[in-house]
file entry_23.cif (mmCIF, C-alpha atoms)
data_data
loop_
_atom_site.label_atom_id
_atom_site.label_comp_id
_atom_site.auth_asym_id
_atom_site.auth_seq_id
_atom_site.Cartn_x
_atom_site.Cartn_y
_atom_site.Cartn_z
CA MET A 858 63.09 128.58 45.63
CA GLU A 859 64.25 126.50 48.57
CA ILE A 860 66.09 127.96 51.57
CA LEU A 861 68.56 125.54 53.13
CA LYS A 862 70.19 126.41 56.45
CA THR A 863 72.28 123.37 57.33
CA LYS A 864 75.10 121.55 55.59
CA ALA A 865 73.07 118.34 55.71
CA GLU A 866 70.08 119.99 54.00
CA MET A 867 72.28 121.52 51.30
CA ARG A 868 74.13 118.28 50.62
CA ALA A 869 70.89 116.28 50.49
CA TRP A 870 69.41 118.78 48.02
CA SER A 871 72.48 118.64 45.77
CA LYS A 872 72.73 114.85 45.89
CA LYS A 873 69.07 114.55 44.93
CA LYS A 874 69.57 116.86 41.94
CA LYS A 875 72.67 114.92 40.89
CA ARG A 876 70.76 111.62 41.06
CA GLU A 877 68.17 113.18 38.76
CA GLY A 878 70.96 113.99 36.29
CA ARG A 879 70.73 117.73 36.86
CA THR A 880 73.70 120.10 36.90
CA ILE A 881 74.32 122.86 39.45
CA SER A 882 75.57 126.40 38.96
CA PHE A 883 76.78 128.16 42.11
CA VAL A 884 77.24 131.79 43.14
CA PRO A 885 78.82 132.25 46.60
CA THR A 886 78.25 135.67 48.22
CA MET A 887 78.28 137.43 51.57
CA GLY A 888 74.85 138.89 50.87
CA SER A 889 73.87 142.56 50.60
CA LEU A 890 73.21 141.79 46.94
CA HIS A 891 73.59 144.50 44.30
CA GLN A 892 73.53 144.55 40.51
CA GLY A 893 76.99 143.01 40.38
CA HIS A 894 75.73 139.93 42.21
CA ILE A 895 72.63 139.86 40.00
CA SER A 896 74.97 139.76 37.00
CA LEU A 897 76.69 136.69 38.46
CA LEU A 898 73.35 134.96 39.00
CA THR A 899 72.09 135.94 35.55
CA GLN A 900 75.21 134.58 33.87
CA GLY A 901 75.19 131.43 35.99
CA LYS A 902 71.53 130.63 35.39
CA PRO A 903 71.69 129.31 31.78
CA LEU A 904 74.88 127.32 32.36
CA CYS A 905 73.24 124.55 34.39
CA ASP A 906 69.85 123.11 35.32
CA GLU A 907 69.90 124.49 38.88
CA LEU A 908 71.16 127.78 40.32
CA VAL A 909 72.37 127.92 43.93
CA LEU A 910 73.19 131.11 45.81
CA SER A 911 74.99 131.06 49.15
CA ILE A 912 74.78 133.94 51.62
CA PHE A 913 77.36 133.72 54.38
CA VAL A 914 79.38 136.53 55.96
CA ASN A 915 82.54 134.53 56.53
CA PRO A 916 84.28 135.62 59.75
CA THR A 917 87.59 133.92 58.96
CA GLN A 918 88.36 136.35 56.12
CA PHE A 919 88.01 139.46 58.30
CA GLY A 920 90.90 140.85 60.33
CA PRO A 921 90.54 142.03 63.96
CA ASN A 922 90.03 145.70 63.02
CA GLU A 923 87.94 145.16 59.90
CA ASP A 924 84.22 145.59 59.29
CA LEU A 925 82.77 142.16 60.14
CA ASP A 926 80.24 143.51 62.64
CA ALA A 927 79.27 146.41 60.37
CA TYR A 928 79.08 144.43 57.11
CA PRO A 929 75.72 145.35 55.52
CA GLN A 930 73.04 142.65 55.58
CA ASN A 931 69.49 142.57 54.26
CA ILE A 932 68.47 138.93 54.00
CA GLU A 933 64.83 139.63 53.13
CA MET A 934 65.78 141.80 50.16
CA ASP A 935 68.52 139.36 49.10
CA LEU A 936 66.03 136.50 48.95
CA LYS A 937 63.61 138.57 46.86
CA LEU A 938 66.36 139.44 44.40
CA ALA A 939 67.56 135.84 44.27
CA GLU A 940 64.08 134.54 43.52
CA ALA A 941 63.57 137.17 40.82
CA THR A 942 66.69 135.94 38.99
CA GLY A 943 65.50 132.33 38.95
CA THR A 944 67.64 131.01 41.80
CA THR A 945 66.39 127.54 42.74
CA ALA A 946 68.08 127.19 46.15
CA VAL A 947 69.73 129.47 48.70
CA PHE A 948 72.26 128.11 51.19
CA LEU A 949 71.95 130.33 54.27
CA PRO A 950 74.05 128.83 57.07
CA HIS A 951 74.81 130.31 60.48
CA THR A 952 78.45 130.75 61.51
CA ASP A 953 78.16 127.90 64.03
CA GLU A 954 76.96 125.63 61.23
CA MET A 955 80.05 126.35 59.13
CA TYR A 956 82.64 126.44 61.92
CA GLY A 957 82.15 124.26 64.99
CA ASP A 958 83.76 124.86 68.39
CA ASN A 959 86.73 122.63 67.58
CA TYR A 960 87.31 123.79 64.00
CA GLN A 961 91.05 123.57 63.23
CA THR A 962 91.65 123.44 59.48
CA ARG A 963 92.65 126.23 57.10
CA VAL A 964 93.47 126.14 53.40
CA ALA A 965 96.55 128.15 52.45
CA LEU A 966 98.22 128.99 49.13
CA ASP A 967 101.95 129.67 48.88
CA HIS A 968 102.36 132.66 46.57
CA LEU A 969 99.21 134.31 45.20
CA PRO A 970 98.09 135.71 48.59
CA ASN A 971 101.43 137.50 49.06
CA TYR A 972 100.57 140.36 46.71
CA LEU A 973 97.99 143.16 46.48
CA CYS A 974 95.31 142.81 49.19
CA GLY A 975 97.24 140.03 50.90
CA LYS A 976 99.97 142.45 51.99
CA SER A 977 97.66 144.58 54.12
CA ARG A 978 95.15 141.85 55.01
CA PRO A 979 97.22 138.92 56.35
CA GLY A 980 95.12 135.80 56.72
CA HIS A 981 92.31 137.15 54.54
CA PHE A 982 92.84 134.82 51.62
CA GLY A 983 93.36 131.84 53.91
CA GLY A 984 89.86 132.56 55.16
CA VAL A 985 88.55 132.91 51.61
CA ALA A 986 90.23 129.71 50.40
CA THR A 987 88.93 127.80 53.41
CA VAL A 988 85.31 128.88 53.11
CA VAL A 989 85.24 128.40 49.33
CA THR A 990 86.66 124.88 49.75
CA LYS A 991 83.97 124.12 52.32
CA LEU A 992 81.21 125.57 50.13
CA PHE A 993 82.39 123.58 47.11
CA ASN A 994 82.32 120.38 49.18
CA ILE A 995 78.86 121.15 50.58
CA VAL A 996 77.11 122.46 47.44
CA MET A 997 78.92 120.16 44.96
CA PRO A 998 78.48 122.47 41.96
CA ASP A 999 79.45 121.80 38.37
CA VAL A 1000 80.05 125.49 37.70
CA ALA A 1001 80.91 128.36 40.05
CA VAL A 1002 80.64 132.03 39.07
CA PHE A 1003 82.90 134.78 40.44
CA GLY A 1004 83.27 138.46 39.62
CA LYS A 1005 86.48 140.05 38.37
CA LYS A 1006 86.23 142.99 40.80
CA ASP A 1007 88.00 140.82 43.37
CA TYR A 1008 90.67 139.93 40.82
CA GLN A 1009 93.15 138.43 43.27
CA GLN A 1010 90.40 136.33 44.84
CA LEU A 1011 89.42 135.04 41.40
CA GLN A 1012 92.99 133.98 40.61
CA ILE A 1013 93.32 132.29 44.01
CA ILE A 1014 90.10 130.32 43.48
CA LYS A 1015 91.23 129.23 40.01
CA GLN A 1016 94.49 127.98 41.54
CA LEU A 1017 92.61 126.29 44.39
CA VAL A 1018 90.40 124.38 41.95
CA LEU A 1019 93.44 123.35 39.91
CA ASP A 1020 95.59 122.29 42.87
CA LEU A 1021 92.90 120.45 44.84
CA ASP A 1022 91.39 118.74 41.77
CA PHE A 1023 87.87 120.11 42.10
CA ASP A 1024 85.80 119.08 39.09
CA ILE A 1025 84.29 122.56 38.90
CA GLU A 1026 84.40 125.06 36.05
CA ILE A 1027 85.13 128.62 37.24
CA ILE A 1028 83.30 131.30 35.26
CA PRO A 1029 84.72 134.85 35.59
CA VAL A 1030 82.31 137.76 35.09
CA GLU A 1031 83.25 141.32 34.18
CA ILE A 1032 82.99 144.14 36.74
CA VAL A 1033 79.55 145.72 36.84
CA ARG A 1034 79.73 149.49 37.15
CA GLU A 1035 77.35 152.31 37.90
CA GLU A 1036 76.62 154.61 34.95
CA ASP A 1037 79.36 156.97 36.12
CA GLY A 1038 81.98 154.20 36.27
CA LEU A 1039 82.02 153.31 39.99
CA ALA A 1040 82.49 149.56 40.49
CA MET A 1041 79.50 148.13 42.34
CA SER A 1042 80.24 146.94 45.88
CA SER A 1043 78.29 146.15 49.02
CA ARG A 1044 80.66 148.52 50.82
CA ASN A 1045 79.46 151.44 48.69
CA ALA A 1046 76.60 151.60 51.19
CA TYR A 1047 79.01 152.93 53.83
CA MET A 1048 79.72 156.13 51.88
CA THR A 1049 78.09 159.53 52.16
CA SER A 1050 76.95 161.17 48.92
CA GLU A 1051 80.11 163.31 48.95
CA GLN A 1052 82.32 160.25 49.41
CA ARG A 1053 80.37 158.44 46.70
CA ASN A 1054 81.36 161.17 44.24
CA VAL A 1055 84.96 161.09 45.45
CA ALA A 1056 85.07 157.31 44.87
CA LEU A 1057 84.91 157.92 41.12
CA CYS A 1058 88.61 158.74 41.37
CA LEU A 1059 89.37 154.99 41.31
CA SER A 1060 87.96 154.34 37.85
CA LYS A 1061 89.23 157.71 36.60
CA SER A 1062 92.75 156.89 37.75
CA ILE A 1063 92.55 153.66 35.74
CA THR A 1064 91.59 155.73 32.70
CA LEU A 1065 94.64 157.90 33.40
CA ALA A 1066 96.83 154.76 33.47
CA LYS A 1067 95.37 153.49 30.21
CA GLU A 1068 96.07 156.84 28.56
CA ARG A 1069 99.67 156.91 29.78
CA ILE A 1070 100.28 153.34 28.57
CA ALA A 1071 98.60 154.02 25.21
CA ALA A 1072 100.96 156.99 24.82
CA GLY A 1073 103.93 154.67 25.25
CA ASP A 1074 104.76 155.04 28.96
CA THR A 1075 106.07 151.70 30.24
CA ASP A 1076 107.39 152.72 33.69
CA ALA A 1077 104.97 151.22 36.20
CA ASN A 1078 106.31 153.24 39.13
CA ASP A 1079 105.88 156.54 37.30
CA ILE A 1080 102.28 155.69 36.44
CA ILE A 1081 101.56 154.51 40.00
CA ARG A 1082 102.88 157.82 41.35
CA ALA A 1083 100.65 159.75 38.97
CA MET A 1084 97.61 157.67 39.92
CA THR A 1085 98.35 158.03 43.64
CA ASP A 1086 98.79 161.80 43.36
CA TYR A 1087 95.52 162.03 41.45
CA ILE A 1088 93.58 160.03 44.05
CA HIS A 1089 95.12 161.84 47.01
CA GLY A 1090 94.00 165.10 45.43
CA PHE A 1091 90.51 164.25 46.70
CA ASP A 1092 89.34 164.51 50.31
CA HIS A 1093 88.64 161.37 52.37
CA THR A 1094 91.02 159.18 50.32
CA ARG A 1095 93.91 156.93 51.32
CA VAL A 1096 95.58 154.56 48.87
CA ASP A 1097 96.23 151.10 50.29
CA TYR A 1098 98.00 149.96 47.13
CA ILE A 1099 98.16 150.44 43.39
CA ALA A 1100 100.05 147.82 41.40
CA PHE A 1101 100.66 146.61 37.88
CA CYS A 1102 101.09 142.86 37.88
CA ASP A 1103 101.12 139.74 35.76
CA PRO A 1104 97.48 138.74 35.13
CA VAL A 1105 98.09 135.10 36.15
CA THR A 1106 100.86 135.05 38.76
CA LEU A 1107 100.15 138.54 40.21
CA VAL A 1108 103.91 139.18 40.37
CA PRO A 1109 104.45 142.97 40.20
CA MET A 1110 105.66 144.38 36.88
CA ALA A 1111 108.15 147.26 36.82
CA VAL A 1112 108.03 147.57 33.03
CA ILE A 1113 104.70 147.38 31.21
CA ASP A 1114 105.83 145.56 28.07
CA ARG A 1115 103.00 143.03 27.84
CA GLN A 1116 99.44 142.58 29.09
CA THR A 1117 99.09 143.71 32.68
CA VAL A 1118 96.39 144.06 35.29
CA VAL A 1119 96.31 147.31 37.22
CA ALA A 1120 94.73 146.67 40.61
CA MET A 1121 94.06 148.97 43.54
CA ALA A 1122 92.53 149.23 46.96
CA VAL A 1123 91.63 152.71 48.16
CA HIS A 1124 89.99 153.86 51.37
CA VAL A 1125 87.25 156.43 50.80
CA GLY A 1126 85.95 157.43 54.20
CA LYS A 1127 85.31 154.16 56.03
CA SER A 1128 84.95 152.13 52.83
CA ARG A 1129 87.82 150.13 51.38
CA LEU A 1130 87.12 149.95 47.66
CA LEU A 1131 88.66 147.75 44.96
CA ASP A 1132 89.01 148.28 41.24
CA ASN A 1133 91.10 146.81 38.45
CA ALA A 1134 91.45 146.52 34.70
CA LEU A 1135 93.37 144.47 32.18
CA ILE A 1136 95.51 146.69 29.95
CA ASN A 1137 97.29 145.79 26.73
CA PRO A 1138 100.15 148.13 25.82
CA PRO A 1139 100.45 149.22 22.19
CA VAL A 1140 102.36 146.80 19.98
#
call {"tool": "encode", "arguments": {"input": "entry_23.cif", "output": "structure tokens"}}
result
Amino acid sequence: MEILKTKAEMRAWSKKKKREGRTISFVPTMGSLHQGHISLLTQGKPLCDELVLSIFVNPTQFGPNEDLDAYPQNIEMDLKLAEATGTTAVFLPHTDEMYGDNYQTRVALDHLPNYLCGKSRPGHFGGVATVVTKLFNIVMPDVAVFGKKDYQQLQIIKQLVLDLDFDIEIIPVEIVREEDGLAMSSRNAYMTSEQRNVALCLSKSITLAKERIAAGDTDANDIIRAMTDYIHGFDHTRVDYIAFCDPVTLVPMAVIDRQTVVAMAVHVGKSRLLDNALINPPV
């Protein structure tokens, strides 16, 4: 496994592989790898000849009062996990390598960032779209693998690839959960054991929503109120948002009369946790 720390090194590696007729699968991360990331690497591995992992905590997607400085990092462990999954190269740039002193360009989408996380994190998805565009140009993958836990991010990246004509196939991977249902996240490390147990309310509230919809309830606002009340019944919780929306456009749905995605962000202690699920109402 090669470790590449500059854009020039990464590009040279990719160009060499392309000249040899080899294809590249790519998994971009911010490090602090967990089983969810391993699932992305494992699913990306057989799709191409080479598997590239990037580890870069991207400052442009963090707001001024967010957890950039506290974001968990363990590069040594990440590299061991990457090698164990058959990763052939790791792109490990420093912030100065990715954004020079005179950096001026941002990539922005018109509509998809206006919903869900974008409402409370202005500028976040501009930072995501910018760094993903840069990584795609540097790594030059044939395939890129993203998890569904960040559902809005996944839809934005699909749109980005479509609009900017990247010749890259986006592979979505299902949420990886702990045995008790908690969606795996690097931010789970922030929680105490008590908060960790409380965090199960996210996945349980989704189960509540599925049950209401299966029973014929189509009023999104009623279900959101029930989910919010359920979550706020636990200590250390604060709902950022819960929404039912169109799975492609992310436009909120008031009536659940077709397939919907229920998505949420909930603060548990200092951790801001995401969860979501696709739900099909009964015919």
call {"tool": "atom_distance", "arguments": {"input": "entry_23.cif", "atom1": "CA of Gly984 in chain A", "atom2": "CA of Asp1020 in chain A"}}
result
17.0 Å
call {"tool": "residues_near_point", "arguments": {"input": "entry_23.cif", "point": "(106.2, 144.8, 40.4)", "cutoff": "12 Å", "atoms": "only C-alpha atoms", "output": "ChimeraX atom specification"}}
result
/A:972-973,1076-1078,1081,1098-1104,1106-1113,1117-1120
call {"tool": "write_last_selection", "arguments": {"input": "entry_23.cif", "atoms": "C-alpha atoms", "output": "CSV table (one decimal), keeping the file's coordinate frame"}}
result
chain,number,residue,atom,x,y,z
A,972,TYR,CA,100.6,140.4,46.7
A,973,LEU,CA,98.0,143.2,46.5
A,1076,ASP,CA,107.4,152.7,33.7
A,1077,ALA,CA,105.0,151.2,36.2
A,1078,ASN,CA,106.3,153.2,39.1
A,1081,ILE,CA,101.6,154.5,40.0
A,1098,TYR,CA,98.0,150.0,47.1
A,1099,ILE,CA,98.2,150.4,43.4
A,1100,ALA,CA,100.0,147.8,41.4
A,1101,PHE,CA,100.7,146.6,37.9
A,1102,CYS,CA,101.1,142.9,37.9
A,1103,ASP,CA,101.1,139.7,35.8
A,1104,PRO,CA,97.5,138.7,35.1
A,1106,THR,CA,100.9,135.0,38.8
A,1107,LEU,CA,100.2,138.5,40.2
A,1108,VAL,CA,103.9,139.2,40.4
A,1109,PRO,CA,104.4,143.0,40.2
A,1110,MET,CA,105.7,144.4,36.9
A,1111,ALA,CA,108.2,147.3,36.8
A,1112,VAL,CA,108.0,147.6,33.0
A,1113,ILE,CA,104.7,147.4,31.2
A,1117,THR,CA,99.1,143.7,32.7
A,1118,VAL,CA,96.4,144.1,35.3
A,1119,VAL,CA,96.3,147.3,37.2
A,1120,ALA,CA,94.7,146.7,40.6
call {"tool": "closest_residue", "arguments": {"input": "entry_23.cif", "among": "A:Asp1086, A:Pro1139, A:Ser1128, A:Leu1011", "to": "Gly1073 in chain A", "atoms": "all atoms listed in the file"}}
result
A:Pro1139
call {"tool": "resolve_selection", "arguments": {"input": "entry_23.cif", "expression": "the PyMOL selection byres ((chain A and resi 1039) around 9)", "output": "PyMOL selection string"}}
result
chain A and resi 1033-1038+1040-1042+1053-1054+1056-1060+1132
call {"tool": "closest_residue", "arguments": {"input": "entry_23.cif", "among": "A:Ile1136, A:Val996, A:Val988, A:Leu1019", "to": "Asn915 in chain A", "atoms": "all atoms listed in the file"}}
result
A:Val988
call {"tool": "residues_around", "arguments": {"input": "entry_23.cif", "residues": "Tyr928 in chain A", "least_positions_apart": "5", "cutoff": "9 Å", "atoms": "only C-alpha atoms", "output": "list of chain:residue names"}}
result
A:Met887, A:Ser889, A:Val914, A:Ser1043, A:Arg1044
call {"tool": "closest_residue", "arguments": {"input": "entry_23.cif", "among": "A:Val1000, A:Met858, A:Val989, A:Val1140", "to": "Leu938 in chain A", "atoms": "all atoms listed in the file"}}
result
A:Met858
call {"tool": "resolve_selection", "arguments": {"input": "entry_23.cif", "expression": "the PyMOL selection byres ((chain A and resi 956-963) around 9)", "output": "CSV table (one decimal) with C-alpha atoms, in the frame of the given file"}}
result
chain,number,residue,atom,x,y,z
A,951,HIS,CA,74.8,130.3,60.5
A,952,THR,CA,78.4,130.8,61.5
A,953,ASP,CA,78.2,127.9,64.0
A,954,GLU,CA,77.0,125.6,61.2
A,955,MET,CA,80.0,126.4,59.1
A,964,VAL,CA,93.5,126.1,53.4
A,965,ALA,CA,96.6,128.2,52.4
A,983,GLY,CA,93.4,131.8,53.9
A,984,GLY,CA,89.9,132.6,55.2
A,986,ALA,CA,90.2,129.7,50.4
A,987,THR,CA,88.9,127.8,53.4
A,988,VAL,CA,85.3,128.9,53.1
call {"tool": "atom_distance", "arguments": {"input": "entry_23.cif", "atom1": "CA of Ala1066 in chain A", "atom2": "CA of Gly893 in chain A"}}
result
24.1 Å
call {"tool": "decode", "arguments": {"input": "entry_23.cif", "residues": "range 872-970 of chain A", "atoms": "C-alpha atoms", "output": "CSV table (one decimal), in the first residue's frame"}}
result
chain,number,residue,atom,x,y,z
A,872,LYS,CA,-1.8,8.3,-14.5
A,873,LYS,CA,0.6,5.4,-14.3
A,874,LYS,CA,-2.2,3.0,-13.4
A,875,LYS,CA,-4.3,4.3,-16.2
A,876,ARG,CA,-1.4,3.9,-18.7
A,877,GLU,CA,-1.2,0.3,-17.6
A,878,GLY,CA,-4.9,-0.1,-18.4
A,879,ARG,CA,-6.0,-0.4,-14.7
A,880,THR,CA,-9.2,1.0,-13.3
A,881,ILE,CA,-9.4,2.9,-10.0
A,882,SER,CA,-12.1,2.6,-7.3
A,883,PHE,CA,-12.1,5.5,-4.8
A,884,VAL,CA,-13.4,6.0,-1.2
A,885,PRO,CA,-13.1,9.6,0.1
A,886,THR,CA,-13.2,9.9,3.9
A,887,MET,CA,-12.2,12.2,6.7
A,888,GLY,CA,-10.5,9.4,8.6
A,889,SER,CA,-11.4,8.0,12.0
A,890,LEU,CA,-12.4,4.8,10.1
A,891,HIS,CA,-15.1,2.6,11.5
A,892,GLN,CA,-16.9,-0.5,10.1
A,893,GLY,CA,-19.1,1.8,7.9
A,894,HIS,CA,-15.9,3.0,6.1
A,895,ILE,CA,-14.6,-0.6,5.9
A,896,SER,CA,-17.9,-1.5,4.2
A,897,LEU,CA,-17.3,1.2,1.6
A,898,LEU,CA,-13.7,-0.1,1.0
A,899,THR,CA,-14.9,-3.7,0.9
A,900,GLN,CA,-17.6,-3.0,-1.7
A,901,GLY,CA,-15.3,-0.8,-3.7
A,902,LYS,CA,-12.4,-3.3,-3.8
A,903,PRO,CA,-13.8,-5.8,-6.4
A,904,LEU,CA,-15.2,-3.1,-8.7
A,905,CYS,CA,-11.8,-2.0,-10.1
A,906,ASP,CA,-8.2,-3.1,-10.3
A,907,GLU,CA,-7.0,-0.5,-7.7
A,908,LEU,CA,-8.5,0.8,-4.5
A,909,VAL,CA,-7.7,4.3,-3.3
A,910,LEU,CA,-8.7,5.8,0.1
A,911,SER,CA,-8.4,9.5,0.8
A,912,ILE,CA,-8.1,10.8,4.4
A,913,PHE,CA,-8.6,14.5,4.6
A,914,VAL,CA,-10.5,16.5,7.3
A,915,ASN,CA,-11.8,19.2,5.0
A,916,PRO,CA,-12.0,22.6,6.8
A,917,THR,CA,-14.3,24.2,4.2
A,918,GLN,CA,-17.2,22.0,5.1
A,919,PHE,CA,-17.1,23.0,8.8
A,920,GLY,CA,-18.9,26.1,10.2
A,921,PRO,CA,-17.2,28.5,12.7
A,922,ASN,CA,-18.8,26.8,15.7
A,923,GLU,CA,-18.5,23.2,14.6
A,924,ASP,CA,-16.2,20.5,15.6
A,925,LEU,CA,-13.3,20.8,13.1
A,926,ASP,CA,-10.6,21.1,15.8
A,927,ALA,CA,-12.1,18.2,17.8
A,928,TYR,CA,-12.8,15.9,14.9
A,929,PRO,CA,-11.4,12.5,15.9
A,930,GLN,CA,-8.3,11.4,14.1
A,931,ASN,CA,-6.2,8.2,14.3
A,932,ILE,CA,-4.1,8.0,11.2
A,933,GLU,CA,-2.0,5.0,12.3
A,934,MET,CA,-5.1,2.9,13.0
A,935,ASP,CA,-6.7,4.1,9.8
A,936,LEU,CA,-3.7,3.0,7.7
A,937,LYS,CA,-3.8,-0.4,9.3
A,938,LEU,CA,-7.5,-0.8,8.6
A,939,ALA,CA,-7.0,0.4,5.0
A,940,GLU,CA,-4.2,-2.1,4.4
A,941,ALA,CA,-6.2,-4.9,5.9
A,942,THR,CA,-9.0,-4.3,3.4
A,943,GLY,CA,-6.7,-4.4,0.4
A,944,THR,CA,-6.4,-0.7,-0.3
A,945,THR,CA,-3.6,-0.1,-2.8
A,946,ALA,CA,-3.0,3.6,-2.2
A,947,VAL,CA,-3.9,6.2,0.4
A,948,PHE,CA,-4.1,9.9,-0.4
A,949,LEU,CA,-3.2,11.8,2.8
A,950,PRO,CA,-2.8,15.5,2.0
A,951,HIS,CA,-2.2,18.4,4.4
A,952,THR,CA,-4.7,21.3,4.3
A,953,ASP,CA,-2.1,23.5,2.8
A,954,GLU,CA,-1.7,21.0,0.0
A,955,MET,CA,-5.4,21.1,-0.9
A,956,TYR,CA,-6.0,24.8,-0.4
A,957,GLY,CA,-3.2,27.3,-1.1
A,958,ASP,CA,-3.0,30.8,0.4
A,959,ASN,CA,-4.8,32.3,-2.6
A,960,TYR,CA,-7.5,29.7,-3.0
A,961,GLN,CA,-10.7,31.4,-4.4
A,962,THR,CA,-13.0,28.8,-6.0
A,963,ARG,CA,-16.0,27.1,-4.6
A,964,VAL,CA,-18.5,24.7,-6.2
A,965,ALA,CA,-22.1,25.4,-5.5
A,966,LEU,CA,-25.4,23.7,-6.3
A,967,ASP,CA,-28.7,25.6,-6.6
A,968,HIS,CA,-31.3,23.6,-4.9
A,969,LEU,CA,-30.2,20.3,-3.2
A,970,PRO,CA,-28.2,22.1,-0.4
